[in-house]
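In what follows, a single structure is set out as structure tokens and then discussed.
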Amino acid sequence: MSERLPVRGVERDDLTLPDPTPDHFRWWLLHHLQYTVGKDPQHASLTDWRLALTHTIRDRALTPWFESTRKTWAEDRKRVHYLSMEFLIGRLLEDATINLGLRDIAAEVLEGLGLSFAELTEDEPDAALGNGGLGRLAACYMESMATLGCPGFGYGLRYEHGLFRQSFDHGRQVETPEDWLATENPWNFTRPESAYDVGFGGHVAAEDGHQVWTPRSRVKAAAHDTPVVGYGGNWANTLRLWAAIPTADFFDLDRFNAGEFIAASSHEALARSLSRVLYPNDSTESGKELRLSQEYFLTSASVQDILRRYQTNHTDLSKLPEFVAIQMNDTHPAIAGPELIRLLVDEHGFGFDAAADITTEVLGYTNHTLLPEALERWSIGLMSKVLPRHLQIIERLDHREIELCGPRPYGVGLIGEGAVKMGELAFVTSHKVNGVSALHTDLVKRDLFPVLDQRHPGRILNVTNGVTPRRWLKLANRPLAALVTDTIGEGWETDLDRLVELENHIDDPGFLDAFGQTKHLAKVRLTEWLSERFGIDDIPTDALYDIQVKRQHEYKRQLLNILWTIARWQRIKRDPTNGGAGWVPRVKIFGGKAAGSYQAAKDIIRLINDVAEVVNNDPDTRDHLRVIYPPNYDVSMAEKLIPAADLSEQISTAGMEASGTGNMKFALNGALTIGTLDGANVEIREHVGADNFFLFGLTTDEVAAERGRGGHARAAVEASQALRDVLQAIAEGTFSPGDQHRYGSLVDNMWNSDWFLVASDFDSYDAAQSKVDEVYRDPASWQRKAVVNIARMGFFSSDRSIREYMEKIWDVESAL
Ligand code: 26V
């Protein structure tokens, strides 16, 4: 059935495809349309052609995929396994086409057929198997690992429904289910032979001195593979997503025969729910049994798969760390420690300490947030119900930590206040723990794990995040990418530090002008799309594009941005000519989803839309100020918005944004940042220089001090005339006619609480925004700064990040 059959007479290169000529490519495309998609070219739809193109490109990805797999086996190489509950991959077709070097030929052939490459690629559903930064980072890292020839796997869940779709109803966010699997997905290879049972619940009993776990139920995890091709097509790795399928014992034939049709399949429904839907990152309420079960489902299937693969050509499991590295993307897969120990002890006869040592050498843990509500804790009650054997192991690990490092202060252990602390668990079962920016890593050491850091010196390290320049420059911004290539030659795609060579041209007016044209082109392209797609018309293309796109969260302070926008509107109304100087026209663009149950964030979305309604329809200000909020921000929308930005809003309360990665994408596309000293903003500013960054706001330490001052909110509001005017307008119902109290609690919060220090930073932000206007009035000066930003972005390539992981955490070498 699923075993390999020995074959004869098939040589390695028999089926390897040569580089295609346009004629070949055309032949393959028509072949796939007819014989794979099954459509007559005379009757094929856009989707039919897109599927045919995908198969044509996919064919070319398979050779490097097979070759990479063979080479890894042949050379018995160490592999990296990136475990993540989220992979926010977006569309794959154009990315794969570019990485395989087929973009030009594909476009040419399609044009010859009267078709458009852009239209075809736009037809692909955007795979949104993630919430935001953490999931998108996983996708960038998969692409960089493939580009660098780092042998590896991504392991995740194949959610039937990714992140919900967002629409607006009279300004209010409405969520509807997302449906990316509704159409056939040619990138998916189902691997029924790679399936594992994952147990849940039940009990543990001691037998002959061993602990034996008898789960109450089992769910089968079935592998679905997607090839991830690196730039240049020299290497490809696998993204393996698990789908939950009910096993035979999930269907109760006795009950069915007794006429209990629904009860007979209730277990089946439970089993399927494991990979049914992605959790939005708001779930602060406890009792999320399904979430814990999803985490274990991903982790157990992946760890079993990793051991199975290792044992294919190894017998000695104590050598596992020489061949296997597992990275935990936040604590979501942190049950990997106990799971690996369980398998080593219960199924392979290892002693507990040996198993724990092996596990710790294999695992690494990346922390992505300090927000208390996002630090996972699972109650003892839930753990003992769902994972009783793992709870035993965690208790033992907790004792072992004391055995190894001595007595410790109260509150430091893996278990506290009736719950397992997953961050602490991940920490003690990993040989390396990393933060995602220099500042964040300092705070991980200082505030999150100060005692564990002392007890395990050197375990915490920093690896600053990065983004892939293939998707975020070459794919998203073709005109700018072409200008870069014309100016410094090829090769920057895999050696992003070479962008510094652009600085040789910052005094060349011709070059600056060419850069300005690429920016203008991106604005034109964006406005056309906004008009076609959302009916948002007449957006000026000669304005300053000021963009904030990211998940809606109070700490990210979209509120600060919209309050300032109101202040601007009031000023324009008060002084239409700006004292004769005129106003720098601004297009303010917002994008991002709020988790369905996060009311405060949803209120802010509504306020932004309400403000847009008033401002955009005000004939006094229309020419100087627009506010737009296209719904359903996703990876594909980011690819359109980011290239058009002049100004990148990175304005979180200092100390709260672990890194940010949008900040890097914007700067790489020549936007200047207005930002706080938070996350990777700090390093971006160091790289581009203070003159080329609009800094404002309190620092992390000042934030702590300010919060400690009684009445800080009221004091800050009272100190700012501009802010008071804004809050008064909101409170009077200026943006909610007939519903004066709509923003009552928002305004009240500003005066009386303001945890995120919007008021405290308002005037500083306002001053930075004035500076923005001033610089923008001198196009050459602005463009010079923008180009310096691009030129200094080399450090923020995810290739650099992945090289650091390979060297400092995974101890793995490139196979290329
Ligand atoms: C928490 C939860 C809680 C339960 C339900 C599902 C869920 C999903 C995600 C999270 C935590 C998300 C943490 C996160 O996304 N952090 C972001 O990571 C980025 C990549 O390192 C970083 O750039 C952002 O600053 C950081 O907010």
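To be explicit about the labels: the chains of the structure tokens are called A, B, and onward in the order shown, and within each one the residues are counted from 1, while ligands get numbers from 1 in the order they are shown.
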
Exercise. Quick one: residues within 9 Å of ligand 1, with only C-alpha atoms and all ligand atoms, as a PyMOL selection string?
Worked result: chain A and resi 85-86+130-138+278-284+288+291+329-332+366-371+373-376+435-437+440+464-466+656-663+679-680

Problem set entry | Members of stretch 463-544 of chain A assigned helix (DSSP H, G or I) by DSSP, as a ChimeraX atom specification | /A:469-475,478-488,496-505,509-534

Using only C-alpha atoms, find each residue in stretch 437-479 of chain A having at least one atom no more than 10 Å away from stretch 488-512 of chain A; report its shortest atom-to-atom pair and that distance in Å (one decimal), rows by chain then rising number, as JSON lines.
```
{"residue": "A:Thr468", "atom": "CA", "partner": "A:Glu493", "partner_atom": "CA", "distance": 8.9}
{"residue": "A:Pro469", "atom": "CA", "partner": "A:Glu493", "partner_atom": "CA", "distance": 6.2}
{"residue": "A:Arg470", "atom": "CA", "partner": "A:Glu493", "partner_atom": "CA", "distance": 6.3}
{"residue": "A:Arg471", "atom": "CA", "partner": "A:Glu493", "partner_atom": "CA", "distance": 9.9}
{"residue": "A:Leu473", "atom": "CA", "partner": "A:Glu493", "partner_atom": "CA", "distance": 8.7}
{"residue": "A:Lys474", "atom": "CA", "partner": "A:Glu493", "partner_atom": "CA", "distance": 7.7}
```

Generate the output file for the selected residues, C-alpha atoms, as a PDB file, in the first residue's frame.
```pdb
ATOM      1  CA  THR A 468      11.978  38.275   2.701  1.00  0.00           C
ATOM      2  CA  PRO A 469      13.061  40.789   0.042  1.00  0.00           C
ATOM      3  CA  ARG A 470      11.747  38.479  -2.688  1.00  0.00           C
ATOM      4  CA  ARG A 471       8.109  38.921  -1.721  1.00  0.00           C
ATOM      5  CA  LEU A 473      10.386  44.096  -2.771  1.00  0.00           C
ATOM      6  CA  LYS A 474      10.775  42.053  -5.936  1.00  0.00           C
TER       7      LYS A 474
END
```

Exercise. Can you tell me, as an NGL selection string, what residues are no more than 9 Å from stretch 229-235 of chain A when counting only C-alpha atoms, ignoring any on the same chain fewer than 3 positions away?
Worked result: :A and (60-62 or 64-65 or 67-68 or 95-96 or 98-101 or 142-151 or 238 or 470 or 493-494 or 815-816)

For this session: Return the single residue from A:Met793, A:Asp76, A:Ala258, A:Tyr155 that is closest to A:Thr312, with distances computed using only C-alpha atoms.
Result: A:Asp76

Exercise. Using the chain letters and numbers from this document, which residues of stretch 235-425 of chain A does DSSP assign to strand (DSSP E), as JSON, numbers by chain?
Worked result: {"A": [236, 237, 238, 239, 240, 241, 242, 243, 244, 245, 324, 325, 326, 327, 328, 329, 363, 364, 365, 366, 377, 378, 379, 415, 416, 419, 420, 421]}

Export of prior selection with N, CA, C and O atoms as a short mmCIF file (atom, residue, chain, number, x, y, z; two decimals), in the first residue's frame:
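Writing the result to selection23.cif gives the following:
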```cif
data_model
loop_
_atom_site.label_atom_id
_atom_site.label_comp_id
_atom_site.auth_asym_id
_atom_site.auth_seq_id
_atom_site.Cartn_x
_atom_site.Cartn_y
_atom_site.Cartn_z
N ALA A 236 14.36 23.38 -2.18
CA ALA A 236 12.95 23.49 -1.77
C ALA A 236 12.74 22.68 -0.51
O ALA A 236 13.28 21.58 -0.37
N ASN A 237 12.00 23.22 0.39
CA ASN A 237 11.61 22.52 1.62
C ASN A 237 10.12 22.24 1.60
O ASN A 237 9.42 22.62 0.66
N THR A 238 9.66 21.62 2.67
CA THR A 238 8.25 21.22 2.76
C THR A 238 7.55 21.95 3.89
O THR A 238 8.07 22.00 5.00
N LEU A 239 6.40 22.49 3.57
CA LEU A 239 5.49 22.95 4.62
C LEU A 239 4.45 21.86 4.80
O LEU A 239 3.68 21.56 3.88
N ARG A 240 4.48 21.20 5.95
CA ARG A 240 3.58 20.07 6.21
C ARG A 240 2.47 20.51 7.15
O ARG A 240 2.73 20.86 8.31
N LEU A 241 1.25 20.51 6.66
CA LEU A 241 0.10 20.94 7.46
C LEU A 241 -0.76 19.72 7.78
O LEU A 241 -1.06 18.92 6.90
N TRP A 242 -1.13 19.61 9.05
CA TRP A 242 -1.90 18.45 9.50
C TRP A 242 -3.40 18.74 9.46
O TRP A 242 -3.85 19.77 9.93
N ALA A 243 -4.12 17.76 8.91
CA ALA A 243 -5.58 17.83 8.96
C ALA A 243 -6.07 16.73 9.88
O ALA A 243 -5.53 15.62 9.87
N ALA A 244 -7.06 17.04 10.67
CA ALA A 244 -7.63 16.04 11.57
C ALA A 244 -8.66 15.23 10.81
O ALA A 244 -9.56 15.79 10.19
N ILE A 245 -8.48 13.92 10.84
CA ILE A 245 -9.53 13.08 10.25
C ILE A 245 -9.98 12.06 11.28
O ILE A 245 -9.16 11.48 12.00
N VAL A 324 18.55 16.65 14.46
CA VAL A 324 17.23 17.26 14.54
C VAL A 324 17.25 18.53 15.39
O VAL A 324 17.73 18.50 16.53
N ALA A 325 16.76 19.63 14.82
CA ALA A 325 16.48 20.83 15.62
C ALA A 325 14.99 21.12 15.48
O ALA A 325 14.43 20.98 14.39
N ILE A 326 14.36 21.48 16.59
CA ILE A 326 12.95 21.84 16.56
C ILE A 326 12.81 23.24 17.14
O ILE A 326 13.29 23.51 18.25
N GLN A 327 12.20 24.15 16.37
CA GLN A 327 12.00 25.51 16.86
C GLN A 327 10.52 25.70 17.19
O GLN A 327 9.66 25.41 16.36
N MET A 328 10.24 26.20 18.39
CA MET A 328 8.85 26.45 18.80
C MET A 328 8.53 27.93 18.58
O MET A 328 9.15 28.81 19.18
N ASN A 329 7.59 28.19 17.69
CA ASN A 329 7.19 29.56 17.38
C ASN A 329 6.22 30.03 18.46
O ASN A 329 5.03 29.77 18.39
N LEU A 363 15.36 21.29 21.32
CA LEU A 363 14.36 22.36 21.23
C LEU A 363 14.94 23.76 21.37
O LEU A 363 15.91 23.99 22.09
N GLY A 364 14.30 24.69 20.67
CA GLY A 364 14.54 26.12 20.85
C GLY A 364 13.18 26.80 20.95
O GLY A 364 12.19 26.30 20.41
N TYR A 365 13.14 27.92 21.65
CA TYR A 365 11.87 28.62 21.88
C TYR A 365 12.02 30.10 21.54
O TYR A 365 12.93 30.76 22.03
N THR A 366 11.12 30.59 20.68
CA THR A 366 11.09 32.01 20.35
C THR A 366 9.91 32.66 21.05
O THR A 366 8.77 32.21 20.90
N ARG A 377 -1.21 30.04 29.76
CA ARG A 377 -1.29 29.26 31.00
C ARG A 377 -2.46 28.31 30.85
O ARG A 377 -3.54 28.72 30.46
N TRP A 378 -2.22 27.06 31.17
CA TRP A 378 -3.32 26.08 31.09
C TRP A 378 -3.59 25.55 32.49
O TRP A 378 -2.67 25.10 33.17
N SER A 379 -4.84 25.62 32.88
CA SER A 379 -5.16 25.21 34.25
C SER A 379 -4.82 23.73 34.45
O SER A 379 -4.90 22.93 33.52
N ILE A 415 4.78 25.68 37.34
CA ILE A 415 3.39 25.61 37.73
C ILE A 415 3.13 26.66 38.79
O ILE A 415 3.95 26.83 39.71
N GLY A 416 2.07 27.40 38.66
CA GLY A 416 1.75 28.40 39.67
C GLY A 416 0.32 28.85 39.53
O GLY A 416 -0.24 28.84 38.43
N ALA A 419 -1.99 26.65 37.50
CA ALA A 419 -1.88 26.51 36.05
C ALA A 419 -0.44 26.18 35.65
O ALA A 419 0.51 26.50 36.37
N VAL A 420 -0.31 25.56 34.48
CA VAL A 420 1.01 25.35 33.90
C VAL A 420 1.37 26.60 33.10
O VAL A 420 0.59 27.07 32.28
N LYS A 421 2.56 27.14 33.36
CA LYS A 421 3.00 28.34 32.67
C LYS A 421 3.84 27.92 31.46
O LYS A 421 4.96 27.42 31.61
#
```

Pick out the residues sitting within 9 Å of A:His553, and hand them over as a short mmCIF file (atom, residue, chain, number, x, y, z; two decimals) with N, CA and C atoms, in the first residue's frame; count only C-alpha atoms, and ignore anything fewer than 5 positions along from it in its own chain.
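Writing the result to part20.cif gives the following:
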```cif
data_model
loop_
_atom_site.label_atom_id
_atom_site.label_comp_id
_atom_site.auth_asym_id
_atom_site.auth_seq_id
_atom_site.Cartn_x
_atom_site.Cartn_y
_atom_site.Cartn_z
N GLN A 558 -3.67 52.72 16.95
CA GLN A 558 -4.38 53.32 15.83
C GLN A 558 -5.20 54.52 16.32
N LYS A 593 -7.59 43.99 11.09
CA LYS A 593 -8.74 43.36 11.72
C LYS A 593 -8.63 43.41 13.23
N ALA A 594 -9.78 43.50 13.89
CA ALA A 594 -9.83 43.34 15.35
C ALA A 594 -10.40 41.96 15.64
N ALA A 595 -9.88 41.29 16.63
CA ALA A 595 -10.47 40.01 17.03
C ALA A 595 -11.94 40.25 17.38
N TYR A 598 -13.01 41.64 20.78
CA TYR A 598 -12.19 42.72 21.35
C TYR A 598 -12.92 44.04 21.12
N ALA A 600 -13.00 47.09 22.54
CA ALA A 600 -12.31 48.39 22.48
C ALA A 600 -11.68 48.61 21.11
N ALA A 601 -11.12 47.54 20.55
CA ALA A 601 -10.49 47.66 19.22
C ALA A 601 -11.56 47.88 18.15
#
```
